[in-house]
$ cat coords-v9.cif   # mmCIF, C-alpha atoms
data_data
loop_
_atom_site.label_atom_id
_atom_site.label_comp_id
_atom_site.auth_asym_id
_atom_site.auth_seq_id
_atom_site.Cartn_x
_atom_site.Cartn_y
_atom_site.Cartn_z
CA MET A 1 0.00 0.00 0.00
CA ILE A 2 1.46 3.40 -0.97
CA ASP A 3 1.22 6.04 1.69
CA LEU A 4 -0.12 9.11 -0.15
CA ARG A 5 0.14 11.26 2.94
CA CYS A 6 3.88 11.55 2.40
CA PRO A 7 4.27 14.66 0.13
CA ARG A 8 7.60 13.55 -1.40
CA ARG A 9 6.13 10.24 -2.51
CA LEU A 10 3.06 11.97 -3.92
CA VAL A 11 5.20 14.33 -6.03
CA LEU A 12 7.29 11.40 -7.27
CA LEU A 13 4.18 9.42 -8.25
CA THR A 14 2.67 12.43 -10.05
CA LEU A 15 5.93 12.96 -11.95
CA LEU A 16 6.08 9.29 -12.94
CA ALA A 17 2.47 9.34 -14.15
CA ALA A 18 3.10 12.53 -16.19
CA LEU A 19 6.21 10.99 -17.75
CA THR A 20 4.34 7.80 -18.69
CA ILE A 21 1.55 9.82 -20.34
CA ALA A 22 4.07 12.01 -22.18
CA ALA A 23 6.02 8.98 -23.39
CA GLY A 24 2.84 7.32 -24.60
CA CYS A 25 1.81 10.41 -26.55
CA ALA A 26 5.25 10.82 -28.11
CA ALA A 27 5.37 7.22 -29.37
CA GLU A 28 2.25 7.46 -31.47
CA LYS A 29 2.47 9.43 -34.69
CA THR A 30 0.24 8.99 -37.72
CA ARG A 31 1.13 10.24 -41.16
CA TYR A 32 -0.16 9.63 -44.64
CA GLY A 33 2.31 7.75 -46.81
CA ASP A 34 2.83 7.09 -50.49
CA ALA A 35 0.35 4.33 -51.41
CA ARG A 36 2.57 3.47 -54.41
CA GLY A 37 5.88 3.72 -52.55
CA VAL A 38 8.21 0.82 -51.85
CA GLY A 39 7.06 -0.86 -48.62
CA THR A 40 9.74 -2.81 -46.79
CA VAL A 41 8.47 -3.03 -43.21
CA THR A 42 8.59 -6.84 -43.23
CA ASN A 43 9.47 -9.34 -45.92
CA GLY A 44 5.95 -10.76 -46.02
CA PHE A 45 3.72 -10.19 -49.04
CA GLY A 46 3.04 -6.45 -49.13
CA SER A 47 1.35 -3.68 -51.08
CA THR A 48 4.36 -3.12 -53.36
CA ASP A 49 4.32 -6.81 -54.32
CA LEU A 50 0.61 -6.71 -55.07
CA GLN A 51 0.91 -3.56 -57.17
CA MET A 52 4.00 -4.79 -59.04
CA ILE A 53 2.33 -8.11 -59.87
CA ALA A 54 -0.87 -6.42 -61.04
CA GLU A 55 1.04 -3.93 -63.20
CA SER A 56 3.39 -6.50 -64.68
CA MET A 57 0.61 -8.99 -65.51
CA THR A 58 -1.64 -6.33 -67.01
CA ARG A 59 1.02 -4.88 -69.29
CA SER A 60 2.07 -8.34 -70.41
CA MET A 61 -1.50 -9.40 -71.13
CA LEU A 62 -2.14 -6.25 -73.18
CA GLY A 63 0.56 -7.43 -75.56
CA ALA A 64 -0.99 -10.90 -75.98
CA PRO A 65 -2.33 -11.43 -79.54
CA VAL A 66 -5.76 -12.39 -78.25
CA VAL A 67 -6.06 -9.03 -76.46
CA ALA A 68 -4.01 -6.82 -78.79
CA GLY A 69 -6.18 -7.92 -81.72
CA GLY A 70 -8.78 -5.40 -80.60
CA ASN A 71 -11.67 -7.90 -80.52
CA LEU A 72 -12.60 -6.94 -76.94
CA PRO A 73 -12.45 -10.51 -75.61
CA ILE A 74 -14.83 -11.39 -72.79
CA VAL A 75 -12.99 -12.80 -69.79
CA THR A 76 -14.08 -14.25 -66.47
CA VAL A 77 -11.78 -14.17 -63.47
CA GLN A 78 -11.32 -17.44 -61.66
CA GLU A 79 -9.33 -18.31 -58.59
CA VAL A 80 -5.69 -17.50 -57.97
CA LYS A 81 -4.53 -20.29 -55.69
CA ASN A 82 -2.43 -19.27 -52.74
CA LYS A 83 0.26 -21.96 -52.40
CA THR A 84 2.40 -19.94 -50.04
CA SER A 85 2.69 -20.50 -46.31
CA GLU A 86 1.24 -17.08 -45.48
CA TYR A 87 -2.20 -15.58 -45.82
CA ILE A 88 -2.50 -13.61 -49.06
CA ASP A 89 -5.75 -12.11 -50.28
CA THR A 90 -5.40 -13.31 -53.87
CA ARG A 91 -8.76 -11.73 -54.69
CA ALA A 92 -7.13 -8.33 -54.10
CA ILE A 93 -4.52 -9.19 -56.75
CA THR A 94 -7.07 -10.30 -59.35
CA ASP A 95 -9.27 -7.28 -58.54
CA SER A 96 -6.33 -4.96 -59.25
CA ILE A 97 -5.50 -6.79 -62.49
CA ARG A 98 -9.14 -6.64 -63.56
CA ALA A 99 -9.41 -2.92 -62.75
CA GLU A 100 -6.28 -2.09 -64.79
CA LEU A 101 -7.38 -4.21 -67.75
CA GLN A 102 -10.86 -2.74 -67.67
CA LYS A 103 -9.39 0.79 -67.68
CA SER A 104 -7.28 -0.07 -70.70
CA GLY A 105 -10.54 -0.65 -72.59
CA ARG A 106 -9.25 -3.78 -74.31
CA ILE A 107 -11.03 -6.47 -72.34
CA ARG A 108 -14.58 -6.92 -71.11
CA PHE A 109 -15.33 -8.94 -68.03
CA ALA A 110 -18.22 -11.31 -67.56
CA VAL A 111 -19.62 -11.92 -64.10
CA ASP A 112 -17.43 -14.42 -62.27
CA ALA A 113 -18.40 -17.38 -60.10
CA ALA A 114 -17.98 -15.38 -56.89
CA ALA A 115 -20.46 -12.70 -58.00
CA MET A 116 -22.89 -15.06 -59.76
CA GLN A 117 -25.28 -15.42 -56.82
CA GLN A 118 -25.71 -11.64 -56.56
CA GLN A 119 -26.24 -11.41 -60.32
CA ILE A 120 -28.97 -14.07 -60.24
CA GLU A 121 -30.66 -12.47 -57.23
CA GLU A 122 -30.74 -9.10 -59.02
CA LEU A 123 -32.15 -10.66 -62.20
CA GLU A 124 -34.84 -12.47 -60.21
CA ARG A 125 -35.65 -9.30 -58.27
CA GLN A 126 -36.23 -7.43 -61.51
CA GLN A 127 -38.67 -10.14 -62.63
CA SER A 128 -40.89 -9.42 -59.63
CA GLN A 129 -44.19 -7.53 -59.84
CA TYR A 130 -42.57 -4.36 -58.46
CA TYR A 131 -40.64 -3.62 -61.66
CA ASP A 132 -41.77 -2.29 -65.02
CA PRO A 133 -41.35 -5.34 -67.30
CA ASN A 134 -40.43 -3.09 -70.24
CA ASN A 135 -37.36 -1.76 -68.43
CA SER A 136 -36.33 -4.89 -66.53
CA ALA A 137 -33.32 -6.99 -67.40
CA GLU A 138 -34.44 -10.14 -69.15
CA VAL A 139 -33.44 -13.58 -67.99
CA GLY A 140 -31.31 -15.53 -70.42
CA LYS A 141 -29.40 -12.61 -71.91
CA MET A 142 -26.16 -12.91 -69.96
CA VAL A 143 -23.02 -13.27 -72.07
CA GLY A 144 -20.65 -16.14 -71.35
CA ALA A 145 -16.90 -15.52 -71.23
CA ALA A 146 -14.72 -16.71 -74.09
CA PHE A 147 -11.65 -16.82 -71.82
CA ARG A 148 -10.99 -17.55 -68.18
CA LEU A 149 -8.20 -16.10 -66.11
CA GLU A 150 -6.63 -18.21 -63.39
CA GLY A 151 -3.31 -18.53 -61.64
CA ASN A 152 -1.37 -19.31 -58.54
CA ILE A 153 1.17 -17.80 -56.21
CA THR A 154 3.90 -19.87 -54.62
CA SER A 155 6.70 -19.02 -52.26
CA ILE A 156 9.97 -20.47 -51.05
CA VAL A 157 11.11 -19.30 -47.64
CA LYS A 158 14.62 -19.92 -46.35
CA GLN A 159 15.60 -18.84 -42.90
CA VAL A 160 18.78 -19.13 -40.90
CA LYS A 161 19.66 -17.35 -37.68
CA ASP A 162 19.86 -13.76 -38.88
CA ILE A 163 18.72 -14.02 -42.50
CA LYS A 164 15.26 -14.62 -43.94
CA ASP A 165 14.94 -14.99 -47.68
CA VAL A 166 11.53 -15.08 -49.36
CA TYR A 167 10.95 -15.83 -53.03
CA TYR A 168 7.49 -15.37 -54.56
CA LYS A 169 6.38 -16.55 -57.95
CA PHE A 170 3.07 -15.40 -59.37
CA ASN A 171 1.77 -17.17 -62.45
CA LEU A 172 -1.29 -16.10 -64.41
CA GLN A 173 -2.90 -17.90 -67.34
CA LEU A 174 -5.59 -17.03 -69.86
CA TRP A 175 -7.44 -20.11 -71.09
CA ASN A 176 -9.74 -20.36 -74.07
CA VAL A 177 -13.03 -21.73 -72.69
CA ARG A 178 -14.22 -23.17 -76.03
CA ASN A 179 -11.16 -25.19 -77.03
CA GLY A 180 -9.19 -25.38 -73.79
CA LEU A 181 -6.08 -23.80 -75.27
CA LEU A 182 -3.74 -21.67 -73.23
CA GLU A 183 -3.79 -18.30 -75.00
CA TRP A 184 -1.41 -16.38 -72.74
CA SER A 185 0.63 -16.96 -69.61
CA ASP A 186 3.20 -14.97 -67.71
CA GLU A 187 5.09 -14.97 -64.42
CA LYS A 188 6.39 -12.39 -62.01
CA GLU A 189 9.13 -13.22 -59.56
CA ILE A 190 9.95 -11.28 -56.41
CA ARG A 191 12.80 -11.91 -53.98
CA LYS A 192 13.17 -10.25 -50.61
CA THR A 193 15.86 -10.76 -48.02
CA THR A 194 15.82 -9.52 -44.46
CA THR A 195 18.96 -9.47 -42.35
CA LYS A 196 19.05 -8.73 -38.64
CA GLY A 197 21.55 -6.42 -37.04
CA MET B 1 45.53 1.37 -110.23
CA ASN B 2 43.14 4.14 -111.14
CA ARG B 3 40.31 1.65 -111.37
CA THR B 4 41.07 0.34 -107.85
CA TRP B 5 40.83 3.86 -106.46
CA THR B 6 37.58 4.42 -108.30
CA ILE B 7 36.11 1.21 -106.83
CA ILE B 8 37.25 2.20 -103.32
CA ALA B 9 35.78 5.67 -103.75
CA LEU B 10 32.50 4.19 -104.98
CA LEU B 11 32.37 1.78 -102.01
CA VAL B 12 32.98 4.62 -99.52
CA ALA B 13 30.30 6.70 -101.23
CA ALA B 14 27.84 3.77 -101.13
CA LEU B 15 28.53 3.20 -97.43
CA GLY B 16 28.10 6.90 -96.74
CA THR B 17 24.81 6.97 -98.59
CA GLY B 18 23.70 3.88 -96.69
CA CYS B 19 24.36 5.57 -93.36
CA ALA B 20 22.67 8.74 -94.48
CA THR B 21 19.54 6.97 -95.66
CA LYS B 22 19.32 5.04 -92.38
CA LYS B 23 18.76 8.35 -90.60
CA GLY B 24 15.88 8.91 -92.96
CA PHE B 25 13.98 6.00 -91.37
CA GLU B 26 13.32 8.18 -88.32
CA LYS B 27 9.97 9.92 -88.45
CA PRO B 28 9.97 13.63 -87.64
CA GLY B 29 9.37 14.15 -83.91
CA PHE B 30 11.04 10.84 -83.05
CA ALA B 31 14.56 9.84 -82.07
CA PHE B 32 15.62 6.21 -81.70
CA GLY B 33 11.91 5.43 -82.09
CA CYS B 34 11.01 7.53 -79.04
CA PRO B 35 8.69 10.54 -79.24
CA ILE B 36 10.58 13.81 -78.73
CA GLY B 37 8.12 16.47 -79.89
CA ASP B 38 9.92 19.66 -80.90
CA ALA B 39 13.03 18.94 -78.80
CA LYS B 40 16.39 18.75 -80.55
CA VAL B 41 17.89 15.31 -80.08
CA SER B 42 21.05 14.54 -81.95
CA SER B 43 22.49 11.78 -79.77
CA MET B 44 21.53 9.06 -77.31
CA GLU B 45 22.72 11.32 -74.45
CA ASP B 46 20.27 14.02 -75.55
CA LEU B 47 17.42 11.51 -75.61
CA VAL B 48 18.29 10.15 -72.17
CA LYS B 49 18.51 13.69 -70.79
CA LEU B 50 15.08 14.46 -72.21
CA LYS B 51 13.34 11.33 -70.97
CA VAL B 52 14.97 10.42 -67.66
CA MET B 53 14.17 12.28 -64.46
CA SER B 54 15.22 11.86 -60.88
CA GLU B 55 12.98 12.22 -57.84
CA GLY B 56 13.88 12.25 -54.17
CA LYS B 57 17.40 11.08 -53.47
CA ARG B 58 19.57 11.23 -56.59
CA THR B 59 20.99 7.96 -57.74
CA THR B 60 24.29 7.28 -59.46
CA ILE B 61 22.55 4.72 -61.66
CA GLU B 62 22.36 6.08 -65.18
CA ALA B 63 20.29 5.29 -68.21
CA THR B 64 22.76 4.75 -71.04
CA GLU B 65 20.53 3.66 -73.86
CA MET B 66 16.88 3.96 -74.74
CA ARG B 67 14.90 2.66 -77.66
CA CYS B 68 11.20 2.75 -78.42
CA THR B 69 8.97 0.84 -80.74
CA MET B 70 5.29 0.13 -81.14
CA ALA B 71 3.69 -3.10 -79.91
CA GLY B 72 0.45 -2.93 -81.85
CA ASP B 73 -0.79 0.54 -81.00
CA LEU B 74 1.00 0.64 -77.64
CA GLN B 75 4.32 2.35 -77.02
CA LYS B 76 7.06 -0.09 -75.96
CA ILE B 77 10.27 1.13 -74.34
CA ASP B 78 13.58 -0.55 -73.60
CA VAL B 79 16.00 1.27 -71.33
CA ASN B 80 19.46 0.17 -70.38
CA LEU B 81 20.44 1.11 -66.81
CA ASN B 82 24.06 1.09 -65.81
CA ASN B 83 25.78 0.88 -62.44
CA ASP B 84 29.41 1.72 -63.11
CA SER B 85 30.36 1.94 -59.44
CA SER B 86 32.14 -0.83 -57.56
CA HIS B 87 29.24 -1.20 -55.11
CA VAL B 88 25.85 -2.88 -55.28
CA LYS B 89 23.20 -0.18 -55.76
CA ARG B 90 19.49 -0.14 -55.11
CA VAL B 91 17.21 2.02 -57.15
CA SER B 92 13.50 2.26 -57.84
CA TYR B 93 11.98 3.28 -61.13
CA LYS B 94 8.64 4.02 -62.70
CA PHE B 95 7.34 5.32 -65.98
CA ARG B 96 5.08 8.34 -66.26
CA TRP B 97 2.75 8.20 -69.24
CA ILE B 98 1.80 11.36 -71.07
CA ASP B 99 -0.90 11.93 -73.66
CA ARG B 100 -0.89 14.06 -76.81
CA GLU B 101 -1.85 17.19 -74.84
CA GLY B 102 0.97 16.72 -72.36
CA MET B 103 -1.41 15.59 -69.61
CA ARG B 104 -1.02 12.42 -67.57
CA ALA B 105 -2.40 9.56 -69.63
CA TRP B 106 -2.43 7.06 -66.77
CA GLU B 107 -2.31 7.06 -63.00
CA GLU B 108 1.05 7.07 -61.25
CA GLU B 109 2.78 3.72 -61.53
CA VAL B 110 4.14 1.78 -58.57
CA TRP B 111 7.85 2.27 -57.78
CA LYS B 112 9.63 -0.86 -58.87
CA PRO B 113 12.69 -1.71 -56.79
CA LEU B 114 15.81 -2.90 -58.59
CA LEU B 115 19.05 -4.34 -57.28
CA MET B 116 22.07 -3.64 -59.44
CA TYR B 117 25.33 -5.44 -58.95
CA GLU B 118 28.60 -3.56 -59.18
CA ASN B 119 29.63 -2.70 -62.77
CA SER B 120 26.46 -4.11 -64.23
CA ASN B 121 23.74 -3.32 -66.75
CA ILE B 122 20.05 -4.08 -66.56
CA ALA B 123 17.55 -3.70 -69.36
CA VAL B 124 14.21 -2.37 -68.17
CA SER B 125 11.18 -2.73 -70.43
CA ALA B 126 7.79 -1.12 -70.33
CA VAL B 127 4.62 -1.16 -72.38
CA ALA B 128 2.18 1.74 -72.27
CA PRO B 129 -1.04 0.83 -70.46
CA ILE B 130 -3.21 2.56 -73.04
CA ASN B 131 -2.79 3.82 -76.61
CA LYS B 132 -3.55 7.35 -75.41
CA ALA B 133 -0.08 7.29 -73.77
CA VAL B 134 2.07 8.59 -76.61
CA ASP B 135 4.95 9.96 -74.55
CA PHE B 136 6.70 9.02 -71.31
CA ARG B 137 9.29 9.87 -68.69
CA LEU B 138 11.43 7.38 -66.79
CA ILE B 139 11.79 8.38 -63.15
CA LEU B 140 14.58 7.08 -60.93
CA LEU B 141 14.72 7.16 -57.15
CA SER B 142 17.67 6.07 -55.04
CA GLN B 143 16.90 3.44 -52.41
CA GLU B 144 20.27 3.73 -50.67
#
$ encode --input "coords-v9.cif" --output "structure tokens"
Amino acid sequence: MIDLRCPRRLVLLTLLAALTIAAGCAAEKTRYGDARGVGTVTNGFGSTDLQMIAESMTRSMLGAPVVAGGNLPIVTVQEVKNKTSEYIDTRAITDSIRAELQKSGRIRFAVDAAAMQQQIEELERQQSQYYDPNNSAEVGKMVGAAFRLEGNITSIVKQVKDIKDVYYKFNLQLWNVRNGLLEWSDEKEIRKTTTKG
Amino acid sequence: MNRTWTIIALLVAALGTGCATKKGFEKPGFAFGCPIGDAKVSSMEDLVKLKVMSEGKRTTIEATEMRCTMAGDLQKIDVNLNNDSSHVKRVSYKFRWIDREGMRAWEEEVWKPLLMYENSNIAVSAVAPINKAVDFRLILLSQE
């Protein structure tokens, strides 16, 4: 039990409390950063990796004959399998790739498996009595994709006492749905090494 | 003897003409295939000076060669980066895409980190994201 009647002790405790509060305030600082800057806080999969992969894959795909031909191919995005040992939101990678390709105006995207349920629900909703049938979306008019996009990301992690080396390989493929041919494929490799001390 | 000299002179003239006509392949407003607008570019150094910029910390990595071509209707660029120091250098780069009016044709690219060994060259390639991007700048940032 601390005797607060002793004035010296009381002053000391107040000082200690003030110091703790001041230290706590000083440690926390929030700033906006460059969303497209090189992030090297850890050697796990980061924003720079995601952006580099999306950019590299998009630019490569734009040069593929099936896309460069200007026929506006219809593509559906399928799964990118995460074969690494860490959690990676592969949907975020394919979303970025899709957004860049869409902006380029050279590819059109058909609704993918993940969004199919919502699409059906909306179609069915528009068939209900609450909607003007003349302005409602008709059932049976959806366009199937001619190509499907799928891929995988793998990693090799090597760690010794003070060194951790991570190698990522992202592979993306564009398959022709009708004939099963691989129309385009590319890879992006990333290597990061962290040393302690 | 006279005939030999005539043949040599003709050969030299033919070679000279060959070199001169090669220059004629370049479209006006282009140098080494790269768009230059009204700028005067008479050498590779001039082109590099025109197209390469530095942001943030200056790097000693230098672009030594640059060539452009068209991949379909998209601008394709090959740049040779050189580290002539005796140390490993780290640099980041990105391309800035510019449209016909001199406005940004595409959003800012991600900085791409690059490790360059001592006394080494790396060829960096880029394809424009959109055919509206008719011009570009290469931006370098030191990561040292």
$ closest_atom_pairs --input "coords-v9.cif" --of "chain B" --to "chain A" --cutoff "10 Å" --atoms "only C-alpha atoms" --output "JSON lines"
{"residue": "B:Ala71", "atom": "CA", "partner": "A:Gly63", "partner_atom": "CA", "distance": 6.9}
{"residue": "B:Gly72", "atom": "CA", "partner": "A:Ala68", "partner_atom": "CA", "distance": 6.7}
{"residue": "B:Asp73", "atom": "CA", "partner": "A:Ala68", "partner_atom": "CA", "distance": 8.3}
{"residue": "B:Leu74", "atom": "CA", "partner": "A:Gly63", "partner_atom": "CA", "distance": 8.3}
{"residue": "B:Lys76", "atom": "CA", "partner": "A:Gly63", "partner_atom": "CA", "distance": 9.8}
{"residue": "B:Ser92", "atom": "CA", "partner": "A:Val38", "partner_atom": "CA", "distance": 8.1}
{"residue": "B:Trp106", "atom": "CA", "partner": "A:Lys103", "partner_atom": "CA", "distance": 9.4}
{"residue": "B:Glu108", "atom": "CA", "partner": "A:Arg36", "partner_atom": "CA", "distance": 7.9}
{"residue": "B:Glu109", "atom": "CA", "partner": "A:Arg36", "partner_atom": "CA", "distance": 7.1}
{"residue": "B:Val110", "atom": "CA", "partner": "A:Arg36", "partner_atom": "CA", "distance": 4.8}
{"residue": "B:Trp111", "atom": "CA", "partner": "A:Gly37", "partner_atom": "CA", "distance": 5.8}
{"residue": "B:Lys112", "atom": "CA", "partner": "A:Met52", "partner_atom": "CA", "distance": 6.9}
{"residue": "B:Pro113", "atom": "CA", "partner": "A:Val38", "partner_atom": "CA", "distance": 7.1}
{"residue": "B:Ala126", "atom": "CA", "partner": "A:Arg59", "partner_atom": "CA", "distance": 7.8}
{"residue": "B:Val127", "atom": "CA", "partner": "A:Arg59", "partner_atom": "CA", "distance": 6.0}
{"residue": "B:Ala128", "atom": "CA", "partner": "A:Arg59", "partner_atom": "CA", "distance": 7.4}
{"residue": "B:Pro129", "atom": "CA", "partner": "A:Arg59", "partner_atom": "CA", "distance": 6.2}
{"residue": "B:Ile130", "atom": "CA", "partner": "A:Ser104", "partner_atom": "CA", "distance": 5.4}
{"residue": "B:Asn131", "atom": "CA", "partner": "A:Ser104", "partner_atom": "CA", "distance": 8.4}
{"residue": "B:Lys132", "atom": "CA", "partner": "A:Ser104", "partner_atom": "CA", "distance": 9.5}
{"residue": "B:Gln143", "atom": "CA", "partner": "A:Val38", "partner_atom": "CA", "distance": 9.1}
$ closest_residue --input "coords-v9.cif" --among "B:Ile61, B:Val79, B:Ala133, B:Cys68" --to "B:Leu115" --atoms "only C-alpha atoms"
B:Ile61
$ residues_around --input "coords-v9.cif" --residues "stretch 24-41 of chain B" --least-positions-apart "4" --cutoff "6 Å" --atoms "all atoms listed in the file" --output "ChimeraX atom specification"
/B:46-47,67-69
$ write_last_selection --input "coords-v9.cif" --atoms "C-alpha atoms" --output "PDB file, in the coordinates of the input"
ATOM      1  CA  ASP B  46      20.270  14.020 -75.550  1.00  0.00           C
ATOM      2  CA  LEU B  47      17.420  11.510 -75.610  1.00  0.00           C
ATOM      3  CA  ARG B  67      14.900   2.660 -77.660  1.00  0.00           C
ATOM      4  CA  CYS B  68      11.200   2.750 -78.420  1.00  0.00           C
ATOM      5  CA  THR B  69       8.970   0.840 -80.740  1.00  0.00           C
TER       6      THR B  69
END
$ atom_distance --input "coords-v9.cif" --atom1 "atom CA of A:Met142" --atom2 "atom CA of A:Arg91"
23.2 Å
$ resolve_selection --input "coords-v9.cif" --expression "the PyMOL selection byres ((chain A and resi 166-182) around 9)" --output "ChimeraX atom specification"
/A:43-45,53,57,61,75,80,84,145-159,164-165,183-194
$ atom_distance --input "coords-v9.cif" --atom1 "atom CA of A:Val111" --atom2 "atom CA of A:Ile97"
15.1 Å
$ resolve_selection --input "coords-v9.cif" --expression "the PyMOL selection byres ((chain B and resi 54-57) around 8)" --output "JSON, numbers by chain"
{"B": [52, 53, 58, 59, 139, 140, 141, 142, 143]}
$ build_atoms --input "coords-v9.cif" --residues "stretch 34-53 of chain B" --atoms "N, CA and C atoms" --output "PDB file, in the coordinates of the input"
ATOM      1  N   CYS B  34      11.724   6.919 -80.177  1.00  0.00           N
ATOM      2  CA  CYS B  34      11.010   7.530 -79.040  1.00  0.00           C
ATOM      3  C   CYS B  34      10.450   8.900 -79.420  1.00  0.00           C
ATOM      4  N   PRO B  35       9.262   9.228 -78.922  1.00  0.00           N
ATOM      5  CA  PRO B  35       8.690  10.540 -79.240  1.00  0.00           C
ATOM      6  C   PRO B  35       9.476  11.665 -78.564  1.00  0.00           C
ATOM      7  N   ILE B  36       9.797  12.703 -79.307  1.00  0.00           N
ATOM      8  CA  ILE B  36      10.580  13.810 -78.730  1.00  0.00           C
ATOM      9  C   ILE B  36       9.905  15.170 -78.926  1.00  0.00           C
ATOM     10  N   GLY B  37       8.811  15.192 -79.652  1.00  0.00           N
ATOM     11  CA  GLY B  37       8.120  16.470 -79.890  1.00  0.00           C
ATOM     12  C   GLY B  37       8.984  17.418 -80.694  1.00  0.00           C
ATOM     13  N   ASP B  38       9.117  18.653 -80.185  1.00  0.00           N
ATOM     14  CA  ASP B  38       9.920  19.660 -80.900  1.00  0.00           C
ATOM     15  C   ASP B  38      11.367  19.715 -80.385  1.00  0.00           C
ATOM     16  N   ALA B  39      11.684  18.886 -79.400  1.00  0.00           N
ATOM     17  CA  ALA B  39      13.030  18.940 -78.800  1.00  0.00           C
ATOM     18  C   ALA B  39      14.090  18.513 -79.817  1.00  0.00           C
ATOM     19  N   LYS B  40      15.285  19.097 -79.649  1.00  0.00           N
ATOM     20  CA  LYS B  40      16.390  18.750 -80.550  1.00  0.00           C
ATOM     21  C   LYS B  40      17.183  17.612 -79.920  1.00  0.00           C
ATOM     22  N   VAL B  41      17.161  16.478 -80.576  1.00  0.00           N
ATOM     23  CA  VAL B  41      17.890  15.310 -80.080  1.00  0.00           C
ATOM     24  C   VAL B  41      18.822  14.840 -81.184  1.00  0.00           C
ATOM     25  N   SER B  42      20.124  14.969 -80.916  1.00  0.00           N
ATOM     26  CA  SER B  42      21.050  14.540 -81.950  1.00  0.00           C
ATOM     27  C   SER B  42      21.903  13.354 -81.507  1.00  0.00           C
ATOM     28  N   SER B  43      21.725  12.937 -80.248  1.00  0.00           N
ATOM     29  CA  SER B  43      22.490  11.780 -79.770  1.00  0.00           C
ATOM     30  C   SER B  43      21.687  11.037 -78.712  1.00  0.00           C
ATOM     31  N   MET B  44      22.177   9.862 -78.354  1.00  0.00           N
ATOM     32  CA  MET B  44      21.530   9.060 -77.310  1.00  0.00           C
ATOM     33  C   MET B  44      21.534   9.811 -75.974  1.00  0.00           C
ATOM     34  N   GLU B  45      22.623  10.544 -75.707  1.00  0.00           N
ATOM     35  CA  GLU B  45      22.720  11.320 -74.450  1.00  0.00           C
ATOM     36  C   GLU B  45      21.607  12.352 -74.371  1.00  0.00           C
ATOM     37  N   ASP B  46      21.340  13.011 -75.505  1.00  0.00           N
ATOM     38  CA  ASP B  46      20.270  14.020 -75.550  1.00  0.00           C
ATOM     39  C   ASP B  46      18.918  13.379 -75.231  1.00  0.00           C
ATOM     40  N   LEU B  47      18.692  12.208 -75.811  1.00  0.00           N
ATOM     41  CA  LEU B  47      17.420  11.510 -75.610  1.00  0.00           C
ATOM     42  C   LEU B  47      17.251  11.119 -74.142  1.00  0.00           C
ATOM     43  N   VAL B  48      18.327  10.573 -73.574  1.00  0.00           N
ATOM     44  CA  VAL B  48      18.290  10.150 -72.170  1.00  0.00           C
ATOM     45  C   VAL B  48      18.026  11.355 -71.266  1.00  0.00           C
ATOM     46  N   LYS B  49      18.684  12.464 -71.574  1.00  0.00           N
ATOM     47  CA  LYS B  49      18.510  13.690 -70.790  1.00  0.00           C
ATOM     48  C   LYS B  49      17.062  14.168 -70.848  1.00  0.00           C
ATOM     49  N   LEU B  50      16.457  13.992 -72.004  1.00  0.00           N
ATOM     50  CA  LEU B  50      15.080  14.460 -72.210  1.00  0.00           C
ATOM     51  C   LEU B  50      14.062  13.572 -71.502  1.00  0.00           C
ATOM     52  N   LYS B  51      14.351  12.289 -71.444  1.00  0.00           N
ATOM     53  CA  LYS B  51      13.340  11.330 -70.970  1.00  0.00           C
ATOM     54  C   LYS B  51      13.521  10.850 -69.541  1.00  0.00           C
ATOM     55  N   VAL B  52      14.715  10.982 -68.999  1.00  0.00           N
ATOM     56  CA  VAL B  52      14.970  10.420 -67.660  1.00  0.00           C
ATOM     57  C   VAL B  52      14.981  11.534 -66.624  1.00  0.00           C
ATOM     58  N   MET B  53      14.221  11.315 -65.552  1.00  0.00           N
ATOM     59  CA  MET B  53      14.170  12.280 -64.460  1.00  0.00           C
ATOM     60  C   MET B  53      14.544  11.587 -63.166  1.00  0.00           C
TER      61      MET B  53
END
